[in-house]
file work.cif (mmCIF, C-alpha atoms)
data_work
#
loop_
_atom_site.group_PDB
_atom_site.id
_atom_site.type_symbol
_atom_site.label_atom_id
_atom_site.label_comp_id
_atom_site.auth_asym_id
_atom_site.auth_seq_id
_atom_site.Cartn_x
_atom_site.Cartn_y
_atom_site.Cartn_z
ATOM 1 C CA MET A 23 8.338 11.643 270.325
ATOM 2 C CA THR A 24 11.700 12.946 269.140
ATOM 3 C CA ILE A 25 11.496 14.655 265.753
ATOM 4 C CA LYS A 26 14.738 13.567 264.110
ATOM 5 C CA ASP A 27 15.633 12.151 260.707
ATOM 6 C CA THR A 28 17.070 8.622 260.943
ATOM 7 C CA ALA A 29 19.237 6.618 258.577
ATOM 8 C CA GLU A 30 17.540 3.640 256.912
ATOM 9 C CA GLU A 31 18.145 1.660 253.728
ATOM 10 C CA TRP A 32 15.580 -0.551 252.009
ATOM 11 C CA GLN A 33 16.697 -3.578 250.005
ATOM 12 C CA VAL A 34 17.901 -2.898 246.467
ATOM 13 C CA THR A 35 17.617 -5.876 244.120
ATOM 14 C CA GLY A 36 19.257 -4.220 241.114
ATOM 15 C CA THR A 37 20.876 -0.991 240.023
ATOM 16 C CA VAL A 38 22.072 0.592 236.776
ATOM 17 C CA THR A 39 23.633 3.951 235.901
ATOM 18 C CA PRO A 40 22.141 5.032 232.554
ATOM 19 C CA PHE A 41 23.907 8.408 232.550
ATOM 20 C CA THR A 42 27.260 9.604 233.832
ATOM 21 C CA GLY A 43 28.125 13.293 233.589
ATOM 22 C CA ASN A 44 31.115 15.430 234.486
ATOM 23 C CA LYS A 45 30.219 15.819 238.168
ATOM 24 C CA THR A 46 26.967 13.904 238.672
ATOM 25 C CA SER A 47 25.207 10.833 237.331
ATOM 26 C CA VAL A 48 21.742 9.272 237.214
ATOM 27 C CA ARG A 49 21.080 5.942 238.905
ATOM 28 C CA THR A 50 18.091 3.606 238.665
ATOM 29 C CA ASP A 51 17.510 1.299 241.633
ATOM 30 C CA GLU A 52 15.013 -1.545 241.998
ATOM 31 C CA VAL A 53 13.787 -1.022 245.584
ATOM 32 C CA VAL A 54 11.740 -3.447 247.653
ATOM 33 C CA MET A 55 8.697 -1.644 249.110
ATOM 34 C CA PRO A 56 7.120 -2.426 252.528
ATOM 35 C CA ASP A 57 4.378 -4.493 250.863
ATOM 36 C CA GLY A 58 6.956 -6.664 249.075
ATOM 37 C CA THR A 59 6.565 -5.116 245.635
ATOM 38 C CA VAL A 60 9.571 -3.760 243.747
ATOM 39 C CA ALA A 61 9.583 -0.192 242.417
ATOM 40 C CA ARG A 62 12.069 1.640 240.200
ATOM 41 C CA ARG A 63 13.552 4.836 241.604
ATOM 42 C CA ASP A 64 15.591 7.191 239.398
ATOM 43 C CA TYR A 65 17.754 9.797 241.105
ATOM 44 C CA GLN A 66 20.761 12.025 240.646
ATOM 45 C CA VAL A 67 23.958 10.868 242.332
ATOM 46 C CA HIS A 68 25.714 13.978 243.631
ATOM 47 C CA PRO A 69 29.072 14.486 245.393
ATOM 48 C CA GLY A 70 27.591 16.982 247.869
ATOM 49 C CA SER A 71 27.966 20.728 248.264
ATOM 50 C CA VAL A 72 28.757 23.490 250.692
ATOM 51 C CA ALA A 73 27.249 26.951 250.979
ATOM 52 C CA VAL A 74 28.253 30.012 252.973
ATOM 53 C CA LEU A 75 26.050 32.642 254.560
ATOM 54 C CA ALA A 76 28.613 35.411 255.073
ATOM 55 C CA LEU A 77 27.380 38.052 257.507
ATOM 56 C CA ASP A 78 29.191 41.390 257.800
ATOM 57 C CA ASP A 79 29.421 43.663 260.839
ATOM 58 C CA SER A 80 26.431 45.689 259.610
ATOM 59 C CA GLY A 81 24.131 42.658 259.550
ATOM 60 C CA ARG A 82 24.226 42.331 255.780
ATOM 61 C CA VAL A 83 24.470 39.023 253.913
ATOM 62 C CA LEU A 84 26.749 38.578 250.926
ATOM 63 C CA VAL A 85 24.722 37.302 247.944
ATOM 64 C CA LEU A 86 25.465 36.624 244.299
ATOM 65 C CA ARG A 87 23.100 36.859 241.312
ATOM 66 C CA GLN A 88 23.738 34.033 238.876
ATOM 67 C CA TYR A 89 22.003 32.535 235.831
ATOM 68 C CA ARG A 90 20.664 29.004 236.379
ATOM 69 C CA HIS A 91 19.778 27.413 233.064
ATOM 70 C CA PRO A 92 17.539 24.525 234.247
ATOM 71 C CA VAL A 93 15.048 26.982 235.774
ATOM 72 C CA ARG A 94 15.671 29.833 233.285
ATOM 73 C CA HIS A 95 16.185 32.365 236.043
ATOM 74 C CA LYS A 96 18.829 34.592 237.504
ATOM 75 C CA LEU A 97 18.790 33.713 241.184
ATOM 76 C CA TRP A 98 20.160 35.517 244.213
ATOM 77 C CA GLU A 99 22.289 32.956 246.031
ATOM 78 C CA ILE A 100 24.748 32.698 248.869
ATOM 79 C CA PRO A 101 28.206 31.469 247.733
ATOM 80 C CA ALA A 102 28.227 27.704 247.196
ATOM 81 C CA GLY A 103 30.066 24.948 245.392
ATOM 82 C CA LEU A 104 30.637 21.231 244.986
ATOM 83 C CA LEU A 105 32.694 18.961 247.185
ATOM 84 C CA ASP A 106 35.092 18.189 244.361
ATOM 85 C CA ILE A 107 37.276 15.739 246.262
ATOM 86 C CA PRO A 108 35.842 12.604 247.949
ATOM 87 C CA GLY A 109 36.163 12.974 251.718
ATOM 88 C CA GLU A 110 37.055 16.663 251.424
ATOM 89 C CA ASN A 111 36.710 18.673 254.618
ATOM 90 C CA PRO A 112 33.563 20.776 254.032
ATOM 91 C CA LEU A 113 34.952 23.760 255.951
ATOM 92 C CA HIS A 114 37.961 23.916 253.641
ATOM 93 C CA ALA A 115 35.651 23.697 250.620
ATOM 94 C CA ALA A 116 33.456 26.497 251.999
ATOM 95 C CA GLN A 117 36.462 28.730 252.599
ATOM 96 C CA ARG A 118 37.587 28.087 249.025
ATOM 97 C CA GLU A 119 34.164 28.913 247.574
ATOM 98 C CA LEU A 120 33.878 32.144 249.555
ATOM 99 C CA TYR A 121 37.276 33.191 248.257
ATOM 100 C CA GLU A 122 36.663 32.173 244.636
ATOM 101 C CA GLU A 123 33.153 33.615 244.281
ATOM 102 C CA ALA A 124 33.401 36.731 246.452
ATOM 103 C CA HIS A 125 37.127 37.252 247.191
ATOM 104 C CA VAL A 126 36.282 37.296 250.887
ATOM 105 C CA LYS A 127 37.729 35.541 253.932
ATOM 106 C CA ALA A 128 36.187 35.032 257.384
ATOM 107 C CA GLU A 129 37.615 34.522 260.851
ATOM 108 C CA ASP A 130 34.589 32.954 262.559
ATOM 109 C CA TRP A 131 32.908 29.849 261.134
ATOM 110 C CA ARG A 132 29.919 27.835 262.401
ATOM 111 C CA VAL A 133 27.615 25.193 260.955
ATOM 112 C CA LEU A 134 24.297 26.907 260.278
ATOM 113 C CA THR A 135 22.312 23.902 259.009
ATOM 114 C CA ASP A 136 22.551 20.721 256.910
ATOM 115 C CA ILE A 137 20.003 19.947 254.198
ATOM 116 C CA TYR A 138 19.095 17.518 251.420
ATOM 117 C CA THR A 139 18.157 19.780 248.528
ATOM 118 C CA SER A 140 15.714 17.437 246.761
ATOM 119 C CA PRO A 141 15.600 14.033 248.498
ATOM 120 C CA GLY A 142 12.879 12.679 246.215
ATOM 121 C CA GLY A 143 15.129 12.925 243.165
ATOM 122 C CA SER A 144 18.729 13.484 244.290
ATOM 123 C CA ASP A 145 21.093 12.377 247.050
ATOM 124 C CA GLU A 146 22.698 15.838 247.172
ATOM 125 C CA ALA A 147 23.578 16.886 250.721
ATOM 126 C CA VAL A 148 24.576 20.473 251.517
ATOM 127 C CA ARG A 149 26.242 21.872 254.610
ATOM 128 C CA ILE A 150 25.489 25.569 255.058
ATOM 129 C CA PHE A 151 28.019 27.532 257.090
ATOM 130 C CA LEU A 152 27.701 30.859 258.852
ATOM 131 C CA ALA A 153 30.816 32.981 258.292
ATOM 132 C CA ARG A 154 31.406 36.145 260.331
ATOM 133 C CA ASP A 155 34.177 38.683 260.827
ATOM 134 C CA ILE A 156 34.580 38.866 257.055
ATOM 135 C CA SER A 157 37.090 40.947 255.110
ATOM 136 C CA GLU A 158 38.593 41.249 251.653
ATOM 137 C CA ALA A 159 40.816 38.297 250.804
ATOM 138 C CA ASP A 160 44.487 38.743 250.035
ATOM 139 C CA GLY A 161 45.987 38.385 246.562
ATOM 140 C CA GLU A 162 44.407 38.517 243.119
ATOM 141 C CA ARG A 163 40.792 37.643 242.463
ATOM 142 C CA PHE A 164 40.007 34.142 241.241
ATOM 143 C CA GLU A 165 39.430 34.073 237.480
ATOM 144 C CA VAL A 166 35.803 33.164 236.806
ATOM 145 C CA SER A 167 34.248 31.678 233.657
ATOM 146 C CA GLU A 168 30.952 30.467 232.148
ATOM 147 C CA GLU A 169 27.889 31.475 234.269
ATOM 148 C CA GLU A 170 30.120 32.891 236.988
ATOM 149 C CA ALA A 171 31.560 35.473 234.568
ATOM 150 C CA ASP A 172 28.184 37.240 234.652
ATOM 151 C CA MET A 173 27.698 37.186 238.443
ATOM 152 C CA GLU A 174 26.652 40.261 240.398
ATOM 153 C CA LEU A 175 27.646 40.727 244.022
ATOM 154 C CA ALA A 176 25.651 42.548 246.706
ATOM 155 C CA ARG A 177 25.337 42.852 250.472
ATOM 156 C CA ILE A 178 21.705 42.804 251.597
ATOM 157 C CA PRO A 179 20.341 43.270 255.141
ATOM 158 C CA LEU A 180 19.131 39.976 256.611
ATOM 159 C CA PRO A 181 15.543 41.225 257.233
ATOM 160 C CA GLU A 182 15.216 42.166 253.555
ATOM 161 C CA LEU A 183 16.236 38.634 252.529
ATOM 162 C CA VAL A 184 13.762 37.117 255.000
ATOM 163 C CA ARG A 185 11.040 39.303 253.494
ATOM 164 C CA GLY A 186 12.013 38.175 249.982
ATOM 165 C CA VAL A 187 11.909 34.499 250.973
ATOM 166 C CA LEU A 188 8.462 34.778 252.539
ATOM 167 C CA ALA A 189 7.176 36.822 249.598
ATOM 168 C CA GLY A 190 8.209 34.124 247.134
ATOM 169 C CA GLU A 191 10.802 36.363 245.496
ATOM 170 C CA LEU A 192 13.884 34.319 246.418
ATOM 171 C CA HIS A 193 14.005 30.630 245.468
ATOM 172 C CA ASN A 194 17.505 29.192 245.801
ATOM 173 C CA SER A 195 17.267 26.398 248.372
ATOM 174 C CA CYS A 196 20.537 27.196 250.154
ATOM 175 C CA THR A 197 19.658 30.885 250.356
ATOM 176 C CA VAL A 198 16.179 30.164 251.686
ATOM 177 C CA ALA A 199 17.382 27.617 254.258
ATOM 178 C CA GLY A 200 20.361 29.712 255.331
ATOM 179 C CA VAL A 201 18.473 32.977 255.693
ATOM 180 C CA LEU A 202 15.629 31.428 257.685
ATOM 181 C CA ALA A 203 18.014 29.368 259.835
ATOM 182 C CA LEU A 204 20.062 32.439 260.738
ATOM 183 C CA SER A 205 16.919 34.436 261.487
ATOM 184 C CA ALA A 206 15.723 31.630 263.783
ATOM 185 C CA ALA A 207 19.109 31.413 265.503
ATOM 186 C CA LEU A 208 19.226 35.148 266.138
ATOM 187 C CA GLY A 209 15.710 35.033 267.546
ATOM 188 C CA GLY A 210 16.503 32.032 269.725
ATOM 189 C CA GLU A 211 19.657 30.939 271.541
ATOM 190 C CA GLY A 212 21.977 33.040 269.350
ATOM 191 C CA VAL A 213 24.703 32.086 266.919
ATOM 192 C CA ASP A 214 27.085 31.038 269.692
ATOM 193 C CA ALA A 215 24.808 28.031 270.237
ATOM 194 C CA LEU A 216 25.333 26.830 266.659
ATOM 195 C CA ARG A 217 27.447 23.747 266.014
ATOM 196 C CA PRO A 218 31.198 24.226 265.523
ATOM 197 C CA ALA A 219 32.558 24.379 261.995
ATOM 198 C CA GLU A 220 34.133 20.915 262.273
ATOM 199 C CA ALA A 221 30.938 19.206 263.556
ATOM 200 C CA PRO A 222 30.428 15.664 262.197
ATOM 201 C CA TRP A 223 28.386 15.344 259.007
ATOM 202 C CA PRO A 224 27.112 11.769 258.537
ATOM 203 C CA ALA A 225 25.742 12.548 255.054
ATOM 204 C CA ARG A 226 29.271 13.291 253.803
ATOM 205 C CA PRO A 227 31.907 11.950 256.247
ATOM 206 C CA PHE A 228 35.210 13.781 256.176
ATOM 207 C CA GLU A 229 38.615 13.935 257.804
ATOM 208 C CA ALA A 230 39.315 16.948 260.015
#
call {"tool": "encode", "arguments": {"input": "work.cif", "output": "structure tokens"}}
result
Amino acid sequence: MTIKDTAEEWQVTGTVTPFTGNKTSVRTDEVVMPDGTVARRDYQVHPGSVAVLALDDSGRVLVLRQYRHPVRHKLWEIPAGLLDIPGENPLHAAQRELYEEAHVKAEDWRVLTDIYTSPGGSDEAVRIFLARDISEADGERFEVSEEEADMELARIPLPELVRGVLAGELHNSCTVAGVLALSAALGGEGVDALRPAEAPWPARPFEA
């Protein structure tokens, strides 16, 4: 048996959007179940996101510490951001986020992994990139505001992040998935076997 997620869509007999926010909304669908009954499913409608695991020549990962109000925590996270434009190329968005949040650029880009952050309650899809051969970006730093104005920046060795994930000390989903995916890649076929940066992404189709 091949272990692979497959696209499928059950019949929806009705849908409403009781809340629309600045970037996301909440949708309620009436979904026909396998036994013929109809169940209501509420979920967040999300434009999608990108995240970047930036690895320097010393094997350290660039992470940011940022306040996240819904969970009342400051979390260590890899740079990430929304796909603000429908159909936006995720690589371009990732390059923008790395520049804006860390003032860093990278010469080598690969797809590390693709995830759904919380598929039971949101349709958010995230593409996590591996960025290598990193250096300070040119020009002035991007002006940050709100939660980002309080961000801390650090470079942490990959094994220390793996330890923190397994110890339950690091909780951001993109950080956890990215750190463990990179560790698995390094212990397996190597990063050169990862998908190219422009690999298709069915969850959020884009133009190259």
call {"tool": "residues_near_point", "arguments": {"input": "work.cif", "point": "(21.2, 44.5, 257.0)", "cutoff": "6 Å", "atoms": "only C-alpha atoms", "output": "PyMOL selection string"}}
result
chain A and resi 80-82+178-180
call {"tool": "atom_distance", "arguments": {"input": "work.cif", "atom1": "CA of Gly70 (chain A)", "atom2": "CA of Leu104 (chain A)"}}
result
6.0 Å
call {"tool": "resolve_selection", "arguments": {"input": "work.cif", "expression": "the PyMOL selection byres ((chain A and resi 119-135) around 8)", "output": "number ranges by chain"}}
result
A: 73-74, 76, 101-103, 115-118, 136-137, 149-159, 163-166, 170, 175, 199-200, 203-204, 216-221
call {"tool": "residues_around", "arguments": {"input": "work.cif", "residues": "region 185-195 of chain A", "least_positions_apart": "5", "cutoff": "9 Å", "atoms": "all atoms listed in the file", "output": "list of chain:residue names"}}
result
A:Leu97, A:Trp98, A:Glu99, A:Ile100, A:Thr139, A:Leu180, A:Gly200, A:Val201, A:Leu202
call {"tool": "atom_distance", "arguments": {"input": "work.cif", "atom1": "CA of Thr37 (chain A)", "atom2": "CA of Gln66 (chain A)"}}
result
13.0 Å
call {"tool": "closest_residue", "arguments": {"input": "work.cif", "among": "A:Leu105, A:Val34, A:Val93, A:Ala206", "to": "Pro227 (chain A)", "atoms": "all atoms listed in the file"}}
result
A:Leu105
call {"tool": "closest_residue", "arguments": {"input": "work.cif", "among": "A:Val72, A:Val83, A:Gly210, A:Gly161", "to": "Glu182 (chain A)", "atoms": "only C-alpha atoms"}}
result
A:Val83
call {"tool": "closest_residue", "arguments": {"input": "work.cif", "among": "A:Cys196, A:Ile25, A:Val53, A:Met173", "to": "Lys96 (chain A)", "atoms": "only C-alpha atoms"}}
result
A:Met173
call {"tool": "atom_distance", "arguments": {"input": "work.cif", "atom1": "CA of Lys26 (chain A)", "atom2": "CA of Ala147 (chain A)"}}
result
16.4 Å
call {"tool": "closest_residue", "arguments": {"input": "work.cif", "among": "A:Pro181, A:Gly143, A:Pro224, A:Pro108", "to": "Ser47 (chain A)", "atoms": "all atoms listed in the file"}}
result
A:Gly143
call {"tool": "axis_aligned_box", "arguments": {"input": "work.cif", "around": "region 102-109 of chain A", "padding_each_side": "6 Å", "output": "lines of an AutoDock Vina configuration file"}}
result
center_x = 32.8
center_y = 20.2
center_z = 248.0
size_x = 21.0
size_y = 27.1
size_z = 19.4
call {"tool": "residues_around", "arguments": {"input": "work.cif", "residues": "Glu52 (chain A)", "least_positions_apart": "2", "cutoff": "12 Å", "atoms": "only C-alpha atoms", "output": "PyMOL selection string"}}
result
chain A and resi 32-39+49-50+54-55+58-65
call {"tool": "closest_residue", "arguments": {"input": "work.cif", "among": "A:Leu113, A:Ile107, A:Val48, A:Ala176", "to": "Leu77 (chain A)", "atoms": "all atoms listed in the file"}}
result
A:Ala176
call {"tool": "closest_residue", "arguments": {"input": "work.cif", "among": "A:Tyr138, A:Phe41, A:Phe228, A:Tyr89", "to": "Pro112 (chain A)", "atoms": "only C-alpha atoms"}}
result
A:Phe228
call {"tool": "residues_around", "arguments": {"input": "work.cif", "residues": "His68 (chain A)", "least_positions_apart": "5", "cutoff": "7 Å", "atoms": "only C-alpha atoms", "output": "list in words"}}
result
Thr46, Asp145 and Glu146 of chain A
